[in-house]
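Asks: Take a look at structure39.csv, CSV, C-alpha atoms:
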```csv
chain,number,residue,atom,x,y,z
W,1,MET,CA,103.2,109.2,110.1
W,2,ILE,CA,100.0,109.3,107.9
W,3,LEU,CA,100.8,105.7,106.7
W,4,ILE,CA,101.1,104.5,110.3
W,5,SER,CA,97.8,106.1,111.2
W,6,VAL,CA,96.0,104.6,108.2
W,7,VAL,CA,97.5,101.1,108.9
W,8,TYR,CA,96.5,101.3,112.5
W,9,GLY,CA,93.0,102.4,111.5
W,10,MET,CA,92.7,99.4,109.3
W,11,TYR,CA,94.0,97.1,112.0
W,12,SER,CA,91.5,98.5,114.4
W,13,LEU,CA,88.7,98.0,111.9
W,14,PHE,CA,89.7,94.3,111.5
W,15,LYS,CA,89.9,93.9,115.2
W,16,ALA,CA,86.5,95.4,115.6
W,17,PHE,CA,85.0,93.0,113.0
W,18,ALA,CA,86.7,90.1,114.7
W,19,LEU,CA,85.2,91.1,118.1
W,20,TYR,CA,81.8,92.4,117.1
W,21,SER,CA,81.2,91.2,113.5
W,22,PHE,CA,78.8,93.5,111.7
W,23,TRP,CA,78.1,95.6,114.9
W,24,ALA,CA,81.5,97.0,114.1
W,25,LEU,CA,79.9,99.1,111.4
W,26,LEU,CA,78.4,101.2,114.1
W,27,LEU,CA,81.8,102.0,115.5
W,28,ILE,CA,83.1,103.5,112.2
W,29,PRO,CA,81.2,106.8,112.5
W,30,LEU,CA,82.5,107.1,116.1
W,31,TRP,CA,86.1,106.5,114.8
W,32,ILE,CA,85.7,109.2,112.1
W,33,ILE,CA,84.3,111.7,114.6
W,34,PHE,CA,86.8,110.9,117.3
W,35,CYS,CA,89.9,110.6,115.2
W,36,GLY,CA,89.0,113.3,112.7
W,37,PHE,CA,87.1,116.1,114.4
W,38,THR,CA,87.3,116.0,118.2
W,39,GLY,CA,88.8,114.3,121.2
W,40,ILE,CA,92.4,113.2,121.7
W,41,PRO,CA,93.7,114.5,118.4
W,42,ASN,CA,92.4,118.0,119.1
W,43,ILE,CA,93.8,118.0,122.6
W,44,ILE,CA,97.3,117.0,121.5
W,45,ASN,CA,97.2,119.4,118.5
W,46,LEU,CA,96.0,122.3,120.7
W,47,LEU,CA,98.9,121.6,123.1
W,48,ARG,CA,101.4,121.4,120.2
W,49,VAL,CA,100.6,124.9,119.1
W,50,SER,CA,99.6,126.3,122.4
W,51,LYS,CA,101.9,129.3,122.0
W,52,LEU,CA,99.6,130.7,119.4
W,53,PHE,CA,96.5,130.6,121.7
W,54,THR,CA,95.5,132.7,124.6
W,55,SER,CA,95.2,130.9,128.0
W,56,LYS,CA,91.4,131.4,127.8
W,57,GLU,CA,91.3,129.7,124.3
W,58,ILE,CA,93.4,126.8,125.5
W,59,THR,CA,91.3,126.3,128.6
W,60,ARG,CA,88.1,126.3,126.6
W,61,GLY,CA,89.5,124.0,123.9
W,62,LEU,CA,90.8,121.5,126.4
W,63,ILE,CA,87.6,121.4,128.4
W,64,ALA,CA,85.5,121.0,125.2
W,65,ASN,CA,87.7,118.2,123.8
W,66,ILE,CA,88.1,116.4,127.1
W,67,ILE,CA,84.3,116.3,127.5
W,68,THR,CA,83.8,114.9,124.0
W,69,ALA,CA,86.6,112.4,124.5
W,70,SER,CA,85.1,111.3,127.8
W,71,PHE,CA,81.6,111.1,126.1
W,72,ILE,CA,82.9,108.8,123.4
W,73,PHE,CA,84.7,106.6,125.9
W,74,ILE,CA,81.6,106.4,128.0
W,75,LEU,CA,79.5,105.6,124.9
W,76,LEU,CA,82.0,102.8,124.0
W,77,LYS,CA,81.7,101.4,127.6
W,78,LEU,CA,77.9,101.5,127.3
W,79,LEU,CA,78.0,99.7,124.0
W,80,ASN,CA,80.1,96.9,125.6
W,81,ALA,CA,83.1,97.8,123.4
W,82,GLU,CA,85.7,98.0,126.1
W,83,GLU,CA,88.2,96.0,124.1
W,84,ILE,CA,88.4,98.7,121.4
W,85,ILE,CA,88.8,101.7,123.7
W,86,SER,CA,92.5,101.5,123.6
W,87,ASN,CA,92.4,101.4,119.8
W,88,PHE,CA,90.4,104.7,119.8
W,89,PHE,CA,92.9,106.2,122.2
W,90,ILE,CA,96.0,105.1,120.3
W,91,GLY,CA,94.4,106.0,117.0
W,92,GLY,CA,93.7,109.5,118.2
W,93,ILE,CA,97.3,109.9,119.2
W,94,LEU,CA,98.6,108.7,115.9
W,95,THR,CA,96.1,110.9,114.0
W,96,SER,CA,97.2,114.0,115.9
W,97,PHE,CA,100.8,113.5,115.1
W,98,ALA,CA,100.0,112.7,111.4
W,99,MET,CA,99.2,116.4,111.0
W,100,PRO,CA,102.4,118.3,110.4
W,101,LYS,CA,103.1,121.1,113.0
W,102,GLU,CA,103.7,123.6,110.2
W,103,SER,CA,100.1,123.0,108.9
W,104,LEU,CA,98.7,123.5,112.4
W,105,ILE,CA,100.7,126.8,112.8
W,106,SER,CA,99.6,128.0,109.3
W,107,GLU,CA,96.0,127.2,110.1
W,108,ARG,CA,96.1,129.1,113.4
W,109,LEU,CA,97.9,132.1,111.8
W,110,ASP,CA,95.1,132.2,109.2
W,111,GLN,CA,92.5,132.2,111.9
W,112,ILE,CA,94.2,135.0,113.7
W,113,LYS,CA,94.4,137.1,110.5
W,114,GLU,CA,90.7,136.4,109.8
W,115,GLN,CA,89.8,137.5,113.4
W,116,LYS,CA,91.8,140.7,113.1
W,117,SER,CA,90.2,141.6,109.7
W,118,LYS,CA,86.7,141.5,111.1
```
Output the structure of this file as structure tokens.

Replies:
Amino acid sequence: MILISVVYGMYSLFKAFALYSFWALLLIPLWIIFCGFTGIPNIINLLRVSKLFTSKEITRGLIANIITASFIFILLKLLNAEEIISNFFIGGILTSFAMPKESLISERLDQIKEQKSK
């Protein structure tokens, strides 16, 4: 799945350069933020391991990530980059499933242990 995610990211980069030439360089930081740290990948991954979170944590996580995803989509709209919005959305989905569920569970269990030790 990681290979598919990387190939799709490269396809999206080439598409962005074809559409926007060197203005596409401004989209790269947005792609890294959106597909690496926040937005659709975090929403999906939160739902994948939702049994390990309280309902309050799920609600807060979903709200925060929906707001950031919406902000990035609005920003792309304001930058007249509507043609690439679907690439960000699909790239986010692919990135989320590139992370193995076992890794997500392990990370969450480590967070729980750390919270209990404090």

Asks: Name the closest residue to Ile85 of chain W among the candidates W:Met99, W:Ile33, W:Val7, W:Ala69; distances are taken between atoms, counting all atoms listed in the file.

Replies: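 The closest residue to Ile85 of chain W is W:Ala69.
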
Asks: Provide the atom CA of Leu104 of chain W to atom CA of Cys35 of chain W distance in Å, to one decimal place.

Replies: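 Separation of atom CA of Leu104 of chain W and atom CA of Cys35 of chain W: 15.9 Å.
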
Asks: Hey, can you check how far atom CA of Pro41 of chain W sits from atom CA of Lys116 of chain W?

Replies: 26.8 Å

Asks: So which residues touch segment 53-55 of chain W within 12 Å, counting all atoms listed in the file, skipping near sequence neighbours fewer than 3 positions away, as a count of residues only?

Replies: 17

Asks: If we count only C-alpha atoms, what is near segment 77-82 of chain W at a cut-off of 9 Å, once residues fewer than 6 positions away on the same chain are taken out, given as a PyMOL selection string?

Replies: chain W and resi 16+19-20

Asks: One decimal, Å: what's the distance from atom CA of Leu75 of chain W over to atom CA of Leu30 of chain W, could you say?

Replies: 9.4 Å

Asks: Point out the residue among W:Ile28, W:Ala18, W:Ile44, W:Met1 with the least atom-to-atom distance to Ile93 of chain W, counting only C-alpha atoms.

Replies: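 So, comparing all the options, the nearest one is W:Ile44.
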
Asks: With distances taken over only C-alpha atoms, which residue among W:Ser86, W:Ser117, W:Thr38, W:Asn65 lies nearest Tyr8 of chain W?

Replies: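 Using only C-alpha atoms, Tyr8 of chain W sits closest to W:Ser86.
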
Asks: Might you pull out every residue within 9 Å of Ser12 of chain W, with only C-alpha atoms counted and same-chain residues fewer than 5 positions away left off, and present them as a compact mmCIF listing (two decimals) with C-alpha atoms, keeping the file's coordinate frame?

Replies:
```
# COMPACT_ATOMS: atom_id res chain seq x y z
CA VAL W 7 97.50 101.10 108.90
CA PHE W 17 85.00 93.00 113.00
CA ILE W 84 88.40 98.70 121.40
CA ASN W 87 92.40 101.40 119.80
CA PHE W 88 90.40 104.70 119.80
CA GLY W 91 94.40 106.00 117.00
```

Asks: Do you know which residues are at most 9 Å from Gly92 of chain W counting only C-alpha atoms, after dropping those on the same chain fewer than 6 positions away, and could you put them as a list in words?

Replies: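 Once the nearby chain positions are removed, what remains is Ser5, Trp31, Phe34, Cys35, Gly36, Gly39, Ile40, Pro41, Asn42 and Ile44 of chain W.
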
Asks: Calculated over only C-alpha atoms, which of the candidates W:Ile72, W:Ile4, W:Leu13, W:Ala24 has the smallest distance to Phe97 of chain W?

Replies: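 That would be W:Ile4, the residue with the smallest distance to Phe97 of chain W.
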
Asks: Between W:Phe89, W:Tyr11, W:Phe37, W:Trp23, single out the one closest to Phe73 of chain W, counting all atoms listed in the file.

Replies: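 For Phe73 of chain W, the nearest of the candidates is W:Phe89.
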
Asks: Can you work out which one of W:Lys113, W:Leu52, W:Ile43, W:Gly9 has the shortest atom-to-atom distance to Ile66 of chain W, counting only C-alpha atoms?

Replies: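 Residue with the minimum atom-to-atom distance to Ile66 of chain W: W:Ile43.
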